[in-house]
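J.: Dropping the structure in here first, questions after.
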Amino acid sequence: MKSLFFTLGLLFSVQRLARSTSDSEMHENRALEPLDRGPYFDISASRNVTALVGKTATLTCRVRNLGDRTVSWVRHRDIHLLTVGVETYTSDQRFVASHFPRTEDWTLQVKYPQRRDSGIYECQVSTTPPIGHSMHLSVVEPVTSIVGEPEMFINKDSTMNLTCVVRHSPEPPTAIYWTHDHEVINYDSPRGGVSVITEKGEVTTSYLLVQRAQRADSGQYTCHPSNANTKTILVHVLND
Ligand SMILES: *[C@@H]1O[C@H](CO)[C@@H](O)[C@H](O)[C@H]1NC(C)=O
Ligand SMILES: *[C@@H]1O[C@H](CO)[C@@H](O)[C@H](O)[C@H]1NC(C)=O
């Protein structure tokens, strides 16, 4: 009796072993021959985009397992079909779709984007029913300001501290330079005591410091960011 139980137990465990082997074989077969789960979006590669007014914006849609289906781009604001494959379907020729062979990326370029082009764009795949992935495009215009503009009054011999701020820039300006009465400020001039500090970030700030301000330092100071509008402040140095 004891040995029968033992044999039965062994039999069960052998069966269990056999079943688990065939299970893992099935998993392996599935990995070798993936079930056709149809097209799907690689969300991590298909993201929201922030672009500058006037500078070509590119939305990317990565579709895996596309097969012979077609990728289209639709603007949500007015449910307007912009492109089908690499053909532009709208009369607005600023919209151009591209696909590079051997990649899974389908891009929509918006040339000369304006602020009103901001909104949701959907990449659609022609399955039945169609599937789509939406992305947000925001078209921004950097804005430059100078603290205290348009005019500043300071006392002779005090420090002139002009602060130029650039906001809404998708990337910090690569450079900011200053002019005084339309001439580029030379920080190594014999006058001395003129310096600039620029802090780059989501908001970029450039400080122009002029020590011991004199009457000759009066005039128009203009801040010129590389990717935003210029701004001017009129400075009056007062005799005390
Ligand atoms: C994309 O932008 C939309 C609208 O601004 C927002 O609701 C969504 O969370 C954003 N998605 C990602 C992944 O940032
Ligand atoms: C210049 O002014 C800004 C504020 O606009 C201030 O944060 C900064 O410390 C000032 N710099 C100097 C050297 O006074």
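Just remember, in the structure tokens the first chain shown is A, the second B, etc., residues are 1-based per chain, and ligands are 1-based in the order shown.
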Could you please extract the residues within 9 Å of ligand 2, counting only C-alpha atoms and all ligand atoms, and hand them back as a PyMOL selection string?
T.: chain A and resi 146-148+159-164+207-209
J.: Dump N, CA and C atoms for the selected residues as a compact mmCIF listing (two decimals), in the first residue's frame?
T.:
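File produced: result_15.txt:
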# COMPACT_ATOMS: atom_id res chain seq x y z
N ILE A 146 12.48 93.56 -20.32
CA ILE A 146 13.54 94.12 -19.48
C ILE A 146 12.85 94.72 -18.27
N VAL A 147 13.32 94.32 -17.08
CA VAL A 147 12.70 94.82 -15.85
C VAL A 147 12.81 96.34 -15.82
N GLY A 148 11.67 97.01 -15.62
CA GLY A 148 11.65 98.47 -15.50
C GLY A 148 11.42 99.20 -16.80
N THR A 159 25.24 101.77 -9.37
CA THR A 159 25.38 100.65 -10.31
C THR A 159 24.11 100.51 -11.13
N MET A 160 24.30 100.49 -12.44
CA MET A 160 23.16 100.25 -13.33
C MET A 160 23.03 98.73 -13.45
N ASN A 161 21.86 98.21 -13.15
CA ASN A 161 21.63 96.76 -13.20
C ASN A 161 20.42 96.52 -14.09
N LEU A 162 20.68 96.13 -15.34
CA LEU A 162 19.58 95.89 -16.28
C LEU A 162 19.32 94.39 -16.37
N THR A 163 18.06 94.00 -16.23
CA THR A 163 17.69 92.58 -16.21
C THR A 163 16.81 92.26 -17.40
N CYS A 164 17.32 91.39 -18.28
CA CYS A 164 16.57 90.99 -19.47
C CYS A 164 16.09 89.55 -19.24
N TYR A 207 21.82 89.65 -16.87
CA TYR A 207 21.99 90.89 -16.11
C TYR A 207 23.15 91.67 -16.70
N LEU A 208 22.92 92.92 -17.04
CA LEU A 208 24.01 93.80 -17.49
C LEU A 208 24.30 94.75 -16.33
N LEU A 209 25.53 94.73 -15.86
CA LEU A 209 25.90 95.58 -14.72
C LEU A 209 26.92 96.61 -15.17
J.: Neighbours of segment 131-145 of chain A within 7 Å (only C-alpha atoms; same-chain residues fewer than 4 positions away dropped), as a PyMOL selection string?
T.: chain A and resi 47-53+113-115+117-125+127+164-169+228-231
J.: Write to file, as a compact mmCIF listing (two decimals), in the first residue's frame, the residues of the selection just made, with C-alpha atoms.
T.:
# COMPACT_ATOMS: atom_id res chain seq x y z
CA ARG A 47 5.31 62.38 -27.87
CA ASN A 48 3.98 65.89 -27.46
CA VAL A 49 6.08 68.51 -29.18
CA THR A 50 6.85 72.14 -28.41
CA ALA A 51 8.02 74.20 -31.38
CA LEU A 52 8.94 77.79 -32.06
CA VAL A 53 6.75 80.03 -34.21
CA PRO A 113 4.07 76.91 -37.69
CA GLN A 114 1.97 79.62 -36.12
CA ARG A 115 0.48 79.75 -32.66
CA ASP A 117 -1.41 75.46 -35.26
CA SER A 118 -1.20 74.43 -31.59
CA GLY A 119 -3.52 71.56 -30.70
CA ILE A 120 -4.01 67.85 -31.01
CA TYR A 121 -2.88 65.86 -34.03
CA GLU A 122 -3.74 62.22 -34.42
CA CYS A 123 -1.76 59.58 -36.19
CA GLN A 124 -4.22 56.98 -37.57
CA VAL A 125 -3.67 53.49 -38.89
CA THR A 127 -7.12 48.95 -39.54
CA CYS A 164 16.57 90.99 -19.47
CA VAL A 165 14.21 88.00 -19.20
CA VAL A 166 13.33 85.50 -21.98
CA ARG A 167 10.23 83.39 -21.39
CA HIS A 168 8.34 80.70 -23.35
CA SER A 169 11.40 79.56 -25.19
CA ALA A 228 13.57 85.80 -29.41
CA ASN A 229 12.59 89.39 -30.04
CA THR A 230 14.85 92.22 -28.85
CA LYS A 231 13.82 94.63 -26.12
J.: Hey, what does DSSP flag as strand (DSSP E or B) within segment 53-225 of chain A? Can you give it to me as number ranges by chain?
T.: A: 57-64, 71-75, 80-84, 87-88, 95-99, 105-110, 119-125, 131-140, 143-146, 151-155, 160-167, 176-180, 183-184, 194-199, 204-210, 219-225
J.: Hey, what's within 8 Å of Phe95 of chain A if we count only C-alpha atoms and toss same-chain stuff fewer than 3 positions away? As number ranges by chain, please?
T.: A: 82-83, 88, 90, 92, 108-111
J.: Could you give me, as a compact mmCIF listing (two decimals) with C-alpha atoms, in the first residue's frame, each residue of segment 96-232 of chain A that DSSP assigns to helix (DSSP H, G or I) when run on this structure's backbone?
T.:
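Done, and the output landed in part10.txt:
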# COMPACT_ATOMS: atom_id res chain seq x y z
CA ARG A 115 0.48 79.75 -32.66
CA ARG A 116 -2.93 78.77 -34.06
CA ASP A 117 -1.41 75.46 -35.26
CA ARG A 215 26.10 110.64 -17.88
CA ALA A 216 27.76 109.06 -20.92
CA ASP A 217 26.23 105.73 -19.92
J.: For each of A:Glu149, A:His80, A:Leu66, A:Ser46, take the minimum atom-to-atom distance to Thr107 of chain A, counting only C-alpha atoms, then give the residue where this is smallest.
T.: A:Ser46
J.: As an exercise, work out the distance from atom CA of Asp105 of chain A to atom CA of Arg69 of chain A in Å and give it to one decimal place.
T.: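 Atom-to-atom, atom CA of Asp105 of chain A and atom CA of Arg69 of chain A are spaced 13.7 Å apart.
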J.: For His182 of chain A, which residue among A:Ser158, A:Thr232, A:Thr103, A:Gln211 is the nearest when counting only C-alpha atoms?
T.: A:Thr232
J.: Expressed in Å to a single decimal, how great is the separation between atom CA of Thr179 of chain A and atom CA of Glu202 of chain A?
T.: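 Between these atoms lies a distance of 23.9 Å.
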